[in-house]
Every structure is written in structure tokens, then in C-alpha cells.
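In what follows, a structure is listed as C-alpha cells, so that the remarks can point back to it.
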Amino acid sequence: MKPLPPGSTIGILGGGQLGRMLAIAAAQLGYNTRVLAPDEEAVAAQTAASFTRADYHSRIVLDEFASAADVVTYEFENIDIEPVDYLSGKVPVHPGPTSLAIAQDRADEKSFVNALGGRTAAWAKVTTLEELQAAIAAIGTPAILKTLRLGYDGKGQVRLHSANDVEPAWAAIGARPAILEAFVPFSHEFSIILARGSDGAMVSYPPPWNEHKDGILARSTLPAPAEIAQQWGEAATLTGRIAETLGHVGVLTCEYFVGADGPVFNEMAPRVHNSGHWTIEGAVTSQFENHIRAICGLPLGDTGLTATRVEMLNLIGKDADGWASYLAERDAHLHLYGKSVRAGRKMGHVTRLMR
């Protein structure tokens, strides 16, 4: 791929905080960004050079969007594959539709990773209550029922403690196609954030220890504890194999559990990721900049740490009201996303660097 020169335009599908931070990184490298999203409140529009509020499925809108962009990317995976497929026939789209399609279907994702030799929890695809009952009989409890598509930050998931929970759990997810996963005993959760260029070059970041609260990432810490460090190599190798097999261009994030026999793959996101927000100040090159570098055909940047210890805290809901106290901390870096406050909503994050 011939590198896109500064002044080129990057189209971004999606108007959330990830698009907002991608637009900032793109501007720093001299690129224009154009955001397309249907949302009335699209915080990415606050940092992008231009914004179009429209439905993703309008061919007229997509044709105009493609004609104004030199490359297109997306900031979240819960977008229908059809618009991405359509755009990819008119303008380079990175990551490609294949990465998006695999990440959108939990059964396809698990099958794909298993075929590459990745370790996952025992799982089964279920489309009816009867299939769920059979899966529980085979896999046992405790287990987690997850909708096949959509769902994030703990949404679309129900834990089953016994066979008596089958019918309520099925009703709770709306009787939709799903996968049942065996519960995996684990000591820590972590993620591998990797960037791959169109030339096949890859770099990855040190893995953060990710701690969740109510299904939402609460804190990421580096360096990770020894338990994660011991499984870092195997997880990074699998993530690289996933990226290579998909022909992925851009950032790819894979989440893992520290299992007794090695890293257990949880899920993948074909995009920049919340567990990589620390990289803005905590790494030599942020995940956002490396994504822009990758999709524009530029050399990938250094992923090393800039501090002895790095901690990223998510600000959820009214947590963001403490913005003044974070600004008073000498080694804290505050990022607010420009959203209206809502309980359970990611309002921003703060990164602390300890040297």
C-alpha cells in the first residue's frame, strides 16, 4: 500500500469516543477526518473535520462518503456488515469486512479461534430453549449465556448457576440465538492490543491487567502481575496469528483470562479498545496513532511504556464530576468525552503515570 500523504481524508464510521480519539490522532499526523453516524449526540463530531448525521444504509450517503474519503475505518463492531461491504467496493476499508464479520458473531469467533489452536471455554451455540437445555446438560453450571450478536460492557449476558436458571436466562436475553459458555476459573483478565500494517508488519503493547465492575472495565494497570506476564507470549502469538489469518489492517484487540493451563481467549474487537486508552500518555505511540499509521500505510510506532507504572481508570456516570480533583494531580491525565451524563455510561478516563 502506498502511504497516504498528510492532507488525505480518513472516513470514520461511528460517532463515539473511540472515533473522537481517532480523529485527534489523525489530526496530529496531518489528516482530515470525516465522521458518519446516525446519532444525535456524536462526540466524535467535536474533534473531526466534518460530520454527516445519516443512516449507514443509505446508498446515496455511502456513495458521497466514499467519494470524499481516501480510506475508511470504523470505531465499533456493532455496525451492520452490509454498509461496510458496500464501501469496501468503492474505497479501501481497514480493517476489512472479514474481521468485522468474525467479531460480530460469537459462535463464528470461537470457531475461528479454536481452528487456529486458541484455547477457549467450552461452549455451544443455542438457538432454542431446547438447545440451551441440552447445552447445560453437556457443559454444566456455572455457565454464561451470551447473545450471539451485539452486546458489550456486560450487556446481553446472563449467568446460570443451576439448571433451574435455564428458562429465566433464555427469557432475559429475549429468546435470541446465543452461545452458552462454561465458566472459566481465572486469576486475572488481560488484553493484547496489536497493530498490523498492510505490509504485514505487526507491533503489540505490553498487556494491561484489566479489572471490571458490573461488566464494565474499571481499571487497567501496567506492568501486569507475574501471572499475566507468564502468559503474555502465548496470547500475543495467538493474537498475531488471528490478525495474519484475517489479513487485518489496523488495531486488533483480544481479551484473555489467565487460566490454569494458559491464556483462555474470551473475545476480540477489530478496533481500538478501552483497555488501550492508557497508551495515549503511557506508551511511546498510542493505539489511536498506530491505528491511523496502519490504515494509512505508515510505519508503525514504538509501543514501549513511558513510565515505570501506568494506571488507567474509567470514569463512569457521575465519576466524571470529580474532574477538578484529577486535574490537581501532578501525574494524572484527564480525558473527558463530551457526553451528557448517564448512569453506567463511559464519560471519560484518567491515566496516572508513576515514574
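We label chains A, B, ... in the order they appear in the C-alpha cells, count residues from 1 in each chain, and number ligands from 1 in the order shown.
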Task: All residues 7 Å or closer to A:Gln17, only C-alpha atoms, same chain fewer than 3 positions away omitted, as a PyMOL selection string - done: chain A and resi 20-21+43-44+337
Residues of stretch 215-317 of chain A within 9 Å of stretch 342-352 of chain A: nearest atom pair and distance (Å, one decimal) for each, counting only C-alpha atoms, sorted by chain and number, as CSV?
residue,atom,partner,partner_atom,distance
A:Ile216,CA,A:Gly344,CA,8.4
A:His277,CA,A:His349,CA,7.9
A:Trp278,CA,A:Thr351,CA,5.9
A:Thr279,CA,A:Thr351,CA,9.0
A:Ile280,CA,A:Thr351,CA,8.6
A:Glu281,CA,A:Thr351,CA,7.4
A:Gly282,CA,A:Thr351,CA,7.8
A:Arg309,CA,A:Arg352,CA,8.2
A:Val310,CA,A:Arg352,CA,5.8
A:Glu311,CA,A:Arg352,CA,5.1
A:Met312,CA,A:Thr351,CA,4.3
A:Leu313,CA,A:Val350,CA,5.4
A:Asn314,CA,A:His349,CA,4.4
A:Leu315,CA,A:Gly348,CA,5.0
A:Ile316,CA,A:Lys346,CA,4.7
A:Gly317,CA,A:Ala343,CA,4.6
TODO: Could you find all residues in stretch 263-311 of chain A that DSSP calls alpha helix (DSSP H) from the backbone, and write them as a ChimeraX atom specification?
DONE: /A:279-282,287-295
Export of the given selection (all heavy atoms) as an mmCIF file, in the first residue's frame:
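Output saved as part_4.cif:
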data_model
loop_
_atom_site.group_PDB
_atom_site.id
_atom_site.type_symbol
_atom_site.label_atom_id
_atom_site.label_comp_id
_atom_site.auth_asym_id
_atom_site.auth_seq_id
_atom_site.Cartn_x
_atom_site.Cartn_y
_atom_site.Cartn_z
ATOM 1 N N THR A 279 -2.542 4.060 26.568
ATOM 2 C CA THR A 279 -1.423 4.246 25.634
ATOM 3 C C THR A 279 -1.253 5.692 25.182
ATOM 4 O O THR A 279 -0.208 6.046 24.637
ATOM 5 C CB THR A 279 -1.587 3.350 24.388
ATOM 6 O OG1 THR A 279 -2.771 3.731 23.671
ATOM 7 C CG2 THR A 279 -1.675 1.879 24.781
ATOM 8 N N ILE A 280 -2.266 6.537 25.389
ATOM 9 C CA ILE A 280 -2.156 7.930 24.928
ATOM 10 C C ILE A 280 -0.976 8.616 25.602
ATOM 11 O O ILE A 280 -0.166 9.277 24.942
ATOM 12 C CB ILE A 280 -3.465 8.699 25.182
ATOM 13 C CG1 ILE A 280 -4.615 8.080 24.370
ATOM 14 C CG2 ILE A 280 -3.304 10.178 24.806
ATOM 15 C CD1 ILE A 280 -5.966 8.679 24.662
ATOM 16 N N GLU A 281 -0.863 8.468 26.912
ATOM 17 C CA GLU A 281 0.300 9.012 27.612
ATOM 18 C C GLU A 281 1.278 7.930 28.056
ATOM 19 O O GLU A 281 2.455 8.198 28.257
ATOM 20 C CB GLU A 281 -0.127 9.812 28.855
ATOM 21 C CG GLU A 281 -0.835 11.110 28.571
ATOM 22 C CD GLU A 281 -2.327 10.934 28.383
ATOM 23 O OE1 GLU A 281 -2.876 9.894 28.840
ATOM 24 O OE2 GLU A 281 -2.953 11.819 27.778
ATOM 25 N N GLY A 282 0.780 6.704 28.214
ATOM 26 C CA GLY A 282 1.582 5.646 28.818
ATOM 27 C C GLY A 282 2.456 4.866 27.861
ATOM 28 O O GLY A 282 3.275 4.058 28.296
ATOM 29 N N GLN A 287 -2.385 3.687 20.854
ATOM 30 C CA GLN A 287 -3.121 2.765 19.995
ATOM 31 C C GLN A 287 -3.842 3.515 18.880
ATOM 32 O O GLN A 287 -3.980 3.001 17.758
ATOM 33 C CB GLN A 287 -4.129 1.940 20.806
ATOM 34 C CG GLN A 287 -5.242 2.742 21.462
ATOM 35 C CD GLN A 287 -6.398 1.862 21.953
ATOM 36 O OE1 GLN A 287 -6.517 0.693 21.595
ATOM 37 N NE2 GLN A 287 -7.255 2.431 22.791
ATOM 38 N N PHE A 288 -4.294 4.724 19.161
ATOM 39 C CA PHE A 288 -5.021 5.517 18.167
ATOM 40 C C PHE A 288 -4.088 5.944 17.033
ATOM 41 O O PHE A 288 -4.449 5.850 15.853
ATOM 42 C CB PHE A 288 -5.675 6.722 18.833
ATOM 43 C CG PHE A 288 -6.632 6.337 19.931
ATOM 44 C CD1 PHE A 288 -6.258 6.385 21.264
ATOM 45 C CD2 PHE A 288 -7.908 5.881 19.622
ATOM 46 C CE1 PHE A 288 -7.124 5.999 22.271
ATOM 47 C CE2 PHE A 288 -8.790 5.491 20.621
ATOM 48 C CZ PHE A 288 -8.398 5.553 21.953
ATOM 49 N N GLU A 289 -2.894 6.407 17.394
ATOM 50 C CA GLU A 289 -1.931 6.789 16.366
ATOM 51 C C GLU A 289 -1.497 5.578 15.558
ATOM 52 O O GLU A 289 -1.371 5.650 14.323
ATOM 53 C CB GLU A 289 -0.712 7.473 16.979
ATOM 54 C CG GLU A 289 0.307 7.894 15.924
ATOM 55 C CD GLU A 289 1.500 8.644 16.475
ATOM 56 O OE1 GLU A 289 1.368 9.292 17.534
ATOM 57 O OE2 GLU A 289 2.575 8.578 15.833
ATOM 58 N N ASN A 290 -1.262 4.446 16.205
ATOM 59 C CA ASN A 290 -0.841 3.257 15.460
ATOM 60 C C ASN A 290 -1.946 2.750 14.542
ATOM 61 O O ASN A 290 -1.667 2.202 13.469
ATOM 62 C CB ASN A 290 -0.365 2.158 16.407
ATOM 63 C CG ASN A 290 1.151 2.116 16.519
ATOM 64 O OD1 ASN A 290 1.868 2.534 15.601
ATOM 65 N ND2 ASN A 290 1.654 1.614 17.632
ATOM 66 N N HIS A 291 -3.205 2.936 14.943
ATOM 67 C CA HIS A 291 -4.297 2.563 14.041
ATOM 68 C C HIS A 291 -4.270 3.450 12.794
ATOM 69 O O HIS A 291 -4.387 2.949 11.667
ATOM 70 C CB HIS A 291 -5.642 2.677 14.750
ATOM 71 C CG HIS A 291 -6.798 2.184 13.929
ATOM 72 N ND1 HIS A 291 -7.103 0.846 13.809
ATOM 73 C CD2 HIS A 291 -7.708 2.847 13.158
ATOM 74 C CE1 HIS A 291 -8.154 0.694 13.011
ATOM 75 N NE2 HIS A 291 -8.537 1.897 12.603
ATOM 76 N N ILE A 292 -4.118 4.748 12.994
ATOM 77 C CA ILE A 292 -4.038 5.673 11.859
ATOM 78 C C ILE A 292 -2.825 5.348 10.995
ATOM 79 O O ILE A 292 -2.914 5.312 9.752
ATOM 80 C CB ILE A 292 -3.972 7.131 12.351
ATOM 81 C CG1 ILE A 292 -5.245 7.500 13.137
ATOM 82 C CG2 ILE A 292 -3.762 8.083 11.176
ATOM 83 C CD1 ILE A 292 -6.538 7.376 12.364
ATOM 84 N N ARG A 293 -1.692 5.096 11.616
ATOM 85 C CA ARG A 293 -0.494 4.732 10.855
ATOM 86 C C ARG A 293 -0.754 3.486 10.007
ATOM 87 O O ARG A 293 -0.378 3.427 8.829
ATOM 88 C CB ARG A 293 0.668 4.459 11.815
ATOM 89 C CG ARG A 293 1.281 5.704 12.451
ATOM 90 C CD ARG A 293 2.410 5.280 13.387
ATOM 91 N NE ARG A 293 3.095 6.389 14.025
ATOM 92 C CZ ARG A 293 4.427 6.548 14.038
ATOM 93 N NH1 ARG A 293 5.197 5.664 13.417
ATOM 94 N NH2 ARG A 293 4.983 7.567 14.661
ATOM 95 N N ALA A 294 -1.387 2.478 10.604
ATOM 96 C CA ALA A 294 -1.613 1.218 9.899
ATOM 97 C C ALA A 294 -2.528 1.390 8.695
ATOM 98 O O ALA A 294 -2.223 0.914 7.596
ATOM 99 C CB ALA A 294 -2.193 0.183 10.862
ATOM 100 N N ILE A 295 -3.660 2.063 8.885
ATOM 101 C CA ILE A 295 -4.626 2.170 7.792
ATOM 102 C C ILE A 295 -4.170 3.130 6.706
ATOM 103 O O ILE A 295 -4.678 3.076 5.577
ATOM 104 C CB ILE A 295 -6.023 2.559 8.305
ATOM 105 C CG1 ILE A 295 -6.051 3.997 8.841
ATOM 106 C CG2 ILE A 295 -6.513 1.561 9.357
ATOM 107 C CD1 ILE A 295 -7.438 4.497 9.208
#
TODO: Calculate how many Å separate atom CA of A:Thr9 from atom CA of A:Gly240, rounding to one decimal.
DONE: 28.3 Å
Task: Backbone-only DSSP, strand (DSSP E) members of stretch 122-295 of chain A, as a PyMOL selection string - done: chain A and resi 123-126+143-147+157-160+178-182+189-196+202-204+209-213+216-222+250-259+262-269
Would you give me, as a Markdown table, each residue of stretch 247-288 of chain A having an atom within 12 Å of an atom of stretch 56-75 of chain A, along with its shortest atom pair and that distance in Å to one decimal, using only C-alpha atoms and sorting by chain and residue number?
| residue | atom | partner | partner_atom | distance |
| --- | --- | --- | --- | --- |
| A:His248 | CA | A:Thr73 | CA | 11.9 |
| A:Val249 | CA | A:Thr73 | CA | 9.9 |
| A:Gly250 | CA | A:Thr73 | CA | 8.7 |
| A:Val251 | CA | A:Glu75 | CA | 10.5 |
| A:Leu252 | CA | A:Glu75 | CA | 11.5 |
| A:Ala269 | CA | A:Glu75 | CA | 9.9 |
| A:Pro270 | CA | A:Glu75 | CA | 8.7 |
| A:Arg271 | CA | A:Glu75 | CA | 6.2 |
| A:Val272 | CA | A:Glu75 | CA | 7.2 |
| A:His273 | CA | A:Glu75 | CA | 9.1 |
| A:Asn274 | CA | A:Glu75 | CA | 11.3 |
| A:Phe288 | CA | A:Glu75 | CA | 10.5 |
Task: For atom CA of A:Asn114 and atom CA of A:Arg241, the interatomic separation in Å (one decimal) - done: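 For atom CA of A:Asn114 relative to atom CA of A:Arg241, the distance reads 11.8 Å.
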Task: Given only C-alpha atoms as the counted atoms, nearest of A:Ala115, A:Met202, A:Gly215, A:Met354 to A:His333 - done: A:Met354
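Near A:Arg34, within 7 Å and counting only C-alpha atoms, sit Ile10, Gly11, Ile12, Asn32, Leu36, Ala48, Ala49, Ser50 and Phe51 of chain A, not including residues fewer than 2 positions from it in the same chain.
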- [ ] Go ahead and compute the interatomic distance for atom CA of A:Leu148 and atom CA of A:Val184, in Å to one decimal.
- [x] 18.8 Å
Open item on the list: Restricting the calculation to only C-alpha atoms: of A:Leu18, A:Ala195, A:Ala134, A:Ala101, which residue gets closest to A:Ile79?
Closed with: A:Ala101
Open item on the list: Here is a test: counting only C-alpha atoms, which residue of A:Leu87, A:Ala201, A:Val264, A:Ile144 is nearest to A:Gly297?
Closed with: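 Among A:Leu87, A:Ala201, A:Val264, A:Ile144, it is A:Ala201 that comes nearest to A:Gly297.
Compared by their closest atoms to A:Arg149, and using only C-alpha atoms, the residues A:Lys2, A:His94, A:Arg106, A:Lys318 rank with A:Arg106 nearest.
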Open item on the list: Considering only C-alpha atoms, can you say which of A:Val258, A:Ala25, A:Ala103, A:Leu305 comes closest to A:Ser187?
Closed with: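 Residue with the minimum atom-to-atom distance to A:Ser187: A:Val258.
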